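Q: One structure is given below, represented as structure tokens, and several questions about it will come after.
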Amino acid sequence: MKKRQVVIKQRKSSYTTTSSSSNVRYVECQKNHAANIGGYAVDGCREFMASGGEGTDDALTCAACGCHRNFHRREVETEVVCEYSPPN
């Protein structure tokens, strides 16, 4: 899901347009499965895949490893585009 924001301001015949979009991806699982015995072991899951459809409880559970989405490292890609027209 992409979010877009557009802001238009007018100052003496000049226009500023700003648009931004960001993509969020959840990559490798970082849950420590050996924490209860004092160790460190991850399961090797490389990318979050939702178990269910958008809006369900299973949408937050990974189909590959069974962990909650919060255990997966979050990557945010943001793109911002600005345009400026100088006054005449």
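By convention here, the chains of the structure tokens are called A, B, ... in the order presented, each chain's residues are numbered starting at 1, and ligands are numbered starting at 1 in the order presented.
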Name the residues in contact with stretch 43-56 of chain A at a cut-off of 9 Å, using only C-alpha atoms, excluding same-chain residues fewer than 2 positions from it; report them as a PDB file with all heavy atoms, in the first residue's frame.

A:
ATOM      1  N   ARG A  25       8.651  -2.962   3.693  1.00  0.00           N
ATOM      2  CA  ARG A  25       8.878  -4.400   3.520  1.00  0.00           C
ATOM      3  C   ARG A  25       9.370  -4.964   4.829  1.00  0.00           C
ATOM      4  O   ARG A  25      10.107  -4.313   5.570  1.00  0.00           O
ATOM      5  CB  ARG A  25       9.973  -4.638   2.479  1.00  0.00           C
ATOM      6  CG  ARG A  25       9.499  -4.863   1.114  1.00  0.00           C
ATOM      7  CD  ARG A  25      10.619  -5.181   0.171  1.00  0.00           C
ATOM      8  NE  ARG A  25      11.755  -5.861   0.828  1.00  0.00           N
ATOM      9  CZ  ARG A  25      12.815  -6.273   0.185  1.00  0.00           C
ATOM     10  NH1 ARG A  25      12.924  -6.099  -1.088  1.00  0.00           N
ATOM     11  NH2 ARG A  25      13.796  -6.873   0.822  1.00  0.00           N
ATOM     12  N   TYR A  26       8.976  -6.186   5.127  1.00  0.00           N
ATOM     13  CA  TYR A  26       9.470  -6.877   6.310  1.00  0.00           C
ATOM     14  C   TYR A  26      10.353  -8.019   5.814  1.00  0.00           C
ATOM     15  O   TYR A  26       9.913  -8.879   5.067  1.00  0.00           O
ATOM     16  CB  TYR A  26       8.312  -7.393   7.159  1.00  0.00           C
ATOM     17  CG  TYR A  26       7.516  -6.261   7.761  1.00  0.00           C
ATOM     18  CD1 TYR A  26       6.438  -5.713   7.087  1.00  0.00           C
ATOM     19  CD2 TYR A  26       7.879  -5.722   8.974  1.00  0.00           C
ATOM     20  CE1 TYR A  26       5.731  -4.662   7.621  1.00  0.00           C
ATOM     21  CE2 TYR A  26       7.176  -4.667   9.523  1.00  0.00           C
ATOM     22  CZ  TYR A  26       6.102  -4.143   8.835  1.00  0.00           C
ATOM     23  OH  TYR A  26       5.408  -3.092   9.376  1.00  0.00           O
ATOM     24  N   VAL A  27      11.617  -7.995   6.225  1.00  0.00           N
ATOM     25  CA  VAL A  27      12.587  -8.968   5.719  1.00  0.00           C
ATOM     26  C   VAL A  27      12.934  -9.979   6.806  1.00  0.00           C
ATOM     27  O   VAL A  27      12.043 -10.400   7.525  1.00  0.00           O
ATOM     28  CB  VAL A  27      13.816  -8.265   5.112  1.00  0.00           C
ATOM     29  CG1 VAL A  27      13.453  -7.574   3.813  1.00  0.00           C
ATOM     30  CG2 VAL A  27      14.411  -7.251   6.053  1.00  0.00           C
ATOM     31  N   GLU A  28      14.181 -10.368   6.976  1.00  0.00           N
ATOM     32  CA  GLU A  28      14.547 -11.522   7.780  1.00  0.00           C
ATOM     33  C   GLU A  28      14.035 -11.463   9.227  1.00  0.00           C
ATOM     34  O   GLU A  28      13.962 -10.416   9.832  1.00  0.00           O
ATOM     35  CB  GLU A  28      16.058 -11.760   7.779  1.00  0.00           C
ATOM     36  CG  GLU A  28      16.885 -10.761   8.538  1.00  0.00           C
ATOM     37  CD  GLU A  28      17.362  -9.621   7.659  1.00  0.00           C
ATOM     38  OE1 GLU A  28      17.095  -9.605   6.459  1.00  0.00           O
ATOM     39  OE2 GLU A  28      17.990  -8.720   8.215  1.00  0.00           O
ATOM     40  N   CYS A  29      13.690 -12.655   9.718  1.00  0.00           N
ATOM     41  CA  CYS A  29      13.175 -12.806  11.077  1.00  0.00           C
ATOM     42  C   CYS A  29      14.344 -12.706  12.060  1.00  0.00           C
ATOM     43  O   CYS A  29      15.393 -13.300  11.857  1.00  0.00           O
ATOM     44  CB  CYS A  29      12.483 -14.163  11.226  1.00  0.00           C
ATOM     45  SG  CYS A  29      11.722 -14.401  12.846  1.00  0.00           S
ATOM     46  N   GLN A  30      14.145 -11.953  13.127  1.00  0.00           N
ATOM     47  CA  GLN A  30      15.201 -11.759  14.116  1.00  0.00           C
ATOM     48  C   GLN A  30      14.822 -12.322  15.486  1.00  0.00           C
ATOM     49  O   GLN A  30      15.453 -12.006  16.487  1.00  0.00           O
ATOM     50  CB  GLN A  30      15.523 -10.271  14.232  1.00  0.00           C
ATOM     51  CG  GLN A  30      16.051  -9.698  12.934  1.00  0.00           C
ATOM     52  CD  GLN A  30      16.350  -8.212  13.025  1.00  0.00           C
ATOM     53  OE1 GLN A  30      15.770  -7.491  13.829  1.00  0.00           O
ATOM     54  NE2 GLN A  30      17.258  -7.759  12.197  1.00  0.00           N
ATOM     55  N   LYS A  31      13.800 -13.171  15.529  1.00  0.00           N
ATOM     56  CA  LYS A  31      13.379 -13.749  16.809  1.00  0.00           C
ATOM     57  C   LYS A  31      14.451 -14.710  17.316  1.00  0.00           C
ATOM     58  O   LYS A  31      14.920 -15.593  16.599  1.00  0.00           O
ATOM     59  CB  LYS A  31      12.056 -14.494  16.659  1.00  0.00           C
ATOM     60  CG  LYS A  31      11.563 -15.059  17.974  1.00  0.00           C
ATOM     61  CD  LYS A  31      10.215 -15.707  17.828  1.00  0.00           C
ATOM     62  CE  LYS A  31       9.749 -16.220  19.183  1.00  0.00           C
ATOM     63  NZ  LYS A  31       8.441 -16.868  19.084  1.00  0.00           N
ATOM     64  N   ASN A  32      14.826 -14.552  18.573  1.00  0.00           N
ATOM     65  CA  ASN A  32      15.815 -15.416  19.210  1.00  0.00           C
ATOM     66  C   ASN A  32      15.079 -16.609  19.816  1.00  0.00           C
ATOM     67  O   ASN A  32      14.459 -16.507  20.863  1.00  0.00           O
ATOM     68  CB  ASN A  32      16.577 -14.643  20.286  1.00  0.00           C
ATOM     69  CG  ASN A  32      17.655 -15.470  20.938  1.00  0.00           C
ATOM     70  OD1 ASN A  32      17.890 -16.606  20.565  1.00  0.00           O
ATOM     71  ND2 ASN A  32      18.311 -14.892  21.933  1.00  0.00           N
ATOM     72  N   HIS A  33      15.156 -17.755  19.155  1.00  0.00           N
ATOM     73  CA  HIS A  33      14.440 -18.949  19.599  1.00  0.00           C
ATOM     74  C   HIS A  33      15.118 -19.641  20.774  1.00  0.00           C
ATOM     75  O   HIS A  33      14.515 -20.515  21.394  1.00  0.00           O
ATOM     76  CB  HIS A  33      14.298 -19.932  18.430  1.00  0.00           C
ATOM     77  CG  HIS A  33      13.411 -19.418  17.346  1.00  0.00           C
ATOM     78  ND1 HIS A  33      12.049 -19.536  17.384  1.00  0.00           N
ATOM     79  CD2 HIS A  33      13.692 -18.751  16.200  1.00  0.00           C
ATOM     80  CE1 HIS A  33      11.518 -18.983  16.309  1.00  0.00           C
ATOM     81  NE2 HIS A  33      12.500 -18.495  15.568  1.00  0.00           N
ATOM     82  N   ALA A  41      19.736 -18.144  18.685  1.00  0.00           N
ATOM     83  CA  ALA A  41      19.502 -18.919  17.468  1.00  0.00           C
ATOM     84  C   ALA A  41      18.310 -18.324  16.728  1.00  0.00           C
ATOM     85  O   ALA A  41      17.257 -18.117  17.314  1.00  0.00           O
ATOM     86  CB  ALA A  41      19.217 -20.382  17.806  1.00  0.00           C
ATOM     87  N   ASP A  58      -4.479 -13.359  10.974  1.00  0.00           N
ATOM     88  CA  ASP A  58      -3.384 -14.108  10.337  1.00  0.00           C
ATOM     89  C   ASP A  58      -2.513 -13.229   9.450  1.00  0.00           C
ATOM     90  O   ASP A  58      -1.423 -13.646   9.060  1.00  0.00           O
ATOM     91  CB  ASP A  58      -3.949 -15.263   9.510  1.00  0.00           C
ATOM     92  CG  ASP A  58      -4.490 -16.382  10.381  1.00  0.00           C
ATOM     93  OD1 ASP A  58      -4.053 -16.483  11.548  1.00  0.00           O
ATOM     94  OD2 ASP A  58      -5.345 -17.140   9.904  1.00  0.00           O
ATOM     95  N   ALA A  59      -2.947 -12.030   9.137  1.00  0.00           N
ATOM     96  CA  ALA A  59      -2.143 -11.130   8.308  1.00  0.00           C
ATOM     97  C   ALA A  59      -0.873 -10.690   9.036  1.00  0.00           C
ATOM     98  O   ALA A  59       0.075 -10.236   8.402  1.00  0.00           O
ATOM     99  CB  ALA A  59      -2.961  -9.908   7.907  1.00  0.00           C
ATOM    100  N   LEU A  60      -0.847 -10.835  10.352  1.00  0.00           N
ATOM    101  CA  LEU A  60       0.320 -10.437  11.140  1.00  0.00           C
ATOM    102  C   LEU A  60       1.212 -11.617  11.517  1.00  0.00           C
ATOM    103  O   LEU A  60       2.201 -11.451  12.215  1.00  0.00           O
ATOM    104  CB  LEU A  60      -0.125  -9.703  12.408  1.00  0.00           C
ATOM    105  CG  LEU A  60      -0.928  -8.427  12.173  1.00  0.00           C
ATOM    106  CD1 LEU A  60      -1.392  -7.849  13.494  1.00  0.00           C
ATOM    107  CD2 LEU A  60      -0.124  -7.409  11.398  1.00  0.00           C
ATOM    108  N   THR A  61       0.884 -12.808  11.052  1.00  0.00           N
ATOM    109  CA  THR A  61       1.662 -14.010  11.335  1.00  0.00           C
ATOM    110  C   THR A  61       2.361 -14.467  10.058  1.00  0.00           C
ATOM    111  O   THR A  61       1.746 -14.550   9.007  1.00  0.00           O
ATOM    112  CB  THR A  61       0.748 -15.142  11.851  1.00  0.00           C
ATOM    113  OG1 THR A  61       0.043 -14.669  12.998  1.00  0.00           O
ATOM    114  CG2 THR A  61       1.544 -16.369  12.231  1.00  0.00           C
ATOM    115  N   CYS A  62       3.644 -14.788  10.172  1.00  0.00           N
ATOM    116  CA  CYS A  62       4.430 -15.218   9.008  1.00  0.00           C
ATOM    117  C   CYS A  62       4.095 -16.666   8.652  1.00  0.00           C
ATOM    118  O   CYS A  62       4.092 -17.542   9.519  1.00  0.00           O
ATOM    119  CB  CYS A  62       5.918 -15.086   9.302  1.00  0.00           C
ATOM    120  SG  CYS A  62       6.969 -15.532   7.905  1.00  0.00           S
ATOM    121  N   ALA A  63       3.803 -16.904   7.376  1.00  0.00           N
ATOM    122  CA  ALA A  63       3.479 -18.257   6.912  1.00  0.00           C
ATOM    123  C   ALA A  63       4.710 -19.156   6.917  1.00  0.00           C
ATOM    124  O   ALA A  63       4.595 -20.371   7.070  1.00  0.00           O
ATOM    125  CB  ALA A  63       2.893 -18.193   5.505  1.00  0.00           C
ATOM    126  N   ALA A  64       5.905 -18.589   6.781  1.00  0.00           N
ATOM    127  CA  ALA A  64       7.131 -19.390   6.709  1.00  0.00           C
ATOM    128  C   ALA A  64       7.623 -19.848   8.078  1.00  0.00           C
ATOM    129  O   ALA A  64       7.984 -21.001   8.259  1.00  0.00           O
ATOM    130  CB  ALA A  64       8.223 -18.596   6.003  1.00  0.00           C
ATOM    131  N   CYS A  65       7.637 -18.925   9.064  1.00  0.00           N
ATOM    132  CA  CYS A  65       8.230 -19.284  10.357  1.00  0.00           C
ATOM    133  C   CYS A  65       7.240 -19.262  11.518  1.00  0.00           C
ATOM    134  O   CYS A  65       7.562 -19.731  12.607  1.00  0.00           O
ATOM    135  CB  CYS A  65       9.412 -18.369  10.668  1.00  0.00           C
ATOM    136  SG  CYS A  65       8.971 -16.630  10.912  1.00  0.00           S
ATOM    137  N   GLY A  66       6.053 -18.698  11.330  1.00  0.00           N
ATOM    138  CA  GLY A  66       5.043 -18.680  12.385  1.00  0.00           C
ATOM    139  C   GLY A  66       5.199 -17.548  13.383  1.00  0.00           C
ATOM    140  O   GLY A  66       4.439 -17.456  14.347  1.00  0.00           O
ATOM    141  N   CYS A  67       6.177 -16.673  13.193  1.00  0.00           N
ATOM    142  CA  CYS A  67       6.404 -15.555  14.109  1.00  0.00           C
ATOM    143  C   CYS A  67       5.510 -14.363  13.766  1.00  0.00           C
ATOM    144  O   CYS A  67       5.021 -14.247  12.649  1.00  0.00           O
ATOM    145  CB  CYS A  67       7.859 -15.101  14.038  1.00  0.00           C
ATOM    146  SG  CYS A  67       9.028 -16.338  14.605  1.00  0.00           S
ATOM    147  N   ARG A  69       4.774 -10.458  12.852  1.00  0.00           N
ATOM    148  CA  ARG A  69       5.450  -9.555  11.911  1.00  0.00           C
ATOM    149  C   ARG A  69       6.476  -8.659  12.607  1.00  0.00           C
ATOM    150  O   ARG A  69       7.491  -8.284  12.014  1.00  0.00           O
ATOM    151  CB  ARG A  69       4.405  -8.701  11.194  1.00  0.00           C
ATOM    152  CG  ARG A  69       4.984  -7.813  10.123  1.00  0.00           C
ATOM    153  CD  ARG A  69       3.907  -7.063   9.403  1.00  0.00           C
ATOM    154  NE  ARG A  69       3.377  -6.019  10.259  1.00  0.00           N
ATOM    155  CZ  ARG A  69       2.390  -5.215   9.913  1.00  0.00           C
ATOM    156  NH1 ARG A  69       1.800  -5.345   8.759  1.00  0.00           N
ATOM    157  NH2 ARG A  69       1.967  -4.290  10.746  1.00  0.00           N
ATOM    158  N   HIS A  72      10.218  -9.456  12.397  1.00  0.00           N
ATOM    159  CA  HIS A  72      10.908  -9.292  11.122  1.00  0.00           C
ATOM    160  C   HIS A  72      11.424  -7.861  10.987  1.00  0.00           C
ATOM    161  O   HIS A  72      10.724  -6.910  11.333  1.00  0.00           O
ATOM    162  CB  HIS A  72       9.969  -9.628   9.953  1.00  0.00           C
ATOM    163  CG  HIS A  72       9.665 -11.086   9.877  1.00  0.00           C
ATOM    164  ND1 HIS A  72      10.276 -11.914   8.982  1.00  0.00           N
ATOM    165  CD2 HIS A  72       8.827 -11.867  10.602  1.00  0.00           C
ATOM    166  CE1 HIS A  72       9.822 -13.145   9.148  1.00  0.00           C
ATOM    167  NE2 HIS A  72       8.938 -13.145  10.128  1.00  0.00           N
ATOM    168  N   ARG A  73      12.653  -7.728  10.490  1.00  0.00           N
ATOM    169  CA  ARG A  73      13.269  -6.411  10.326  1.00  0.00           C
ATOM    170  C   ARG A  73      12.488  -5.611   9.289  1.00  0.00           C
ATOM    171  O   ARG A  73      12.162  -6.092   8.214  1.00  0.00           O
ATOM    172  CB  ARG A  73      14.728  -6.549   9.894  1.00  0.00           C
ATOM    173  CG  ARG A  73      15.478  -5.226   9.840  1.00  0.00           C
ATOM    174  CD  ARG A  73      16.952  -5.440   9.617  1.00  0.00           C
ATOM    175  NE  ARG A  73      17.243  -6.188   8.413  1.00  0.00           N
ATOM    176  CZ  ARG A  73      17.370  -5.650   7.209  1.00  0.00           C
ATOM    177  NH1 ARG A  73      17.224  -4.358   7.033  1.00  0.00           N
ATOM    178  NH2 ARG A  73      17.643  -6.417   6.157  1.00  0.00           N
TER     179      ARG A  73
END

Q: How far is it from atom CA of A:Arg74 to atom CA of A:Ala35, in Å with one decimal?

A: 21.4 Å

Q: Using Å and a single decimal, report how far atom CA of A:Gly39 sits from atom CA of A:Asn70.

A: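 Going from atom CA of A:Asn70 over to atom CA of A:Gly39, I get 20.5 Å.
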
Q: Report, in Å to a single decimal, how far apart atom CA of A:Phe71 and atom CA of A:Val42 are.

A: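 A separation of 10.5 Å between them.
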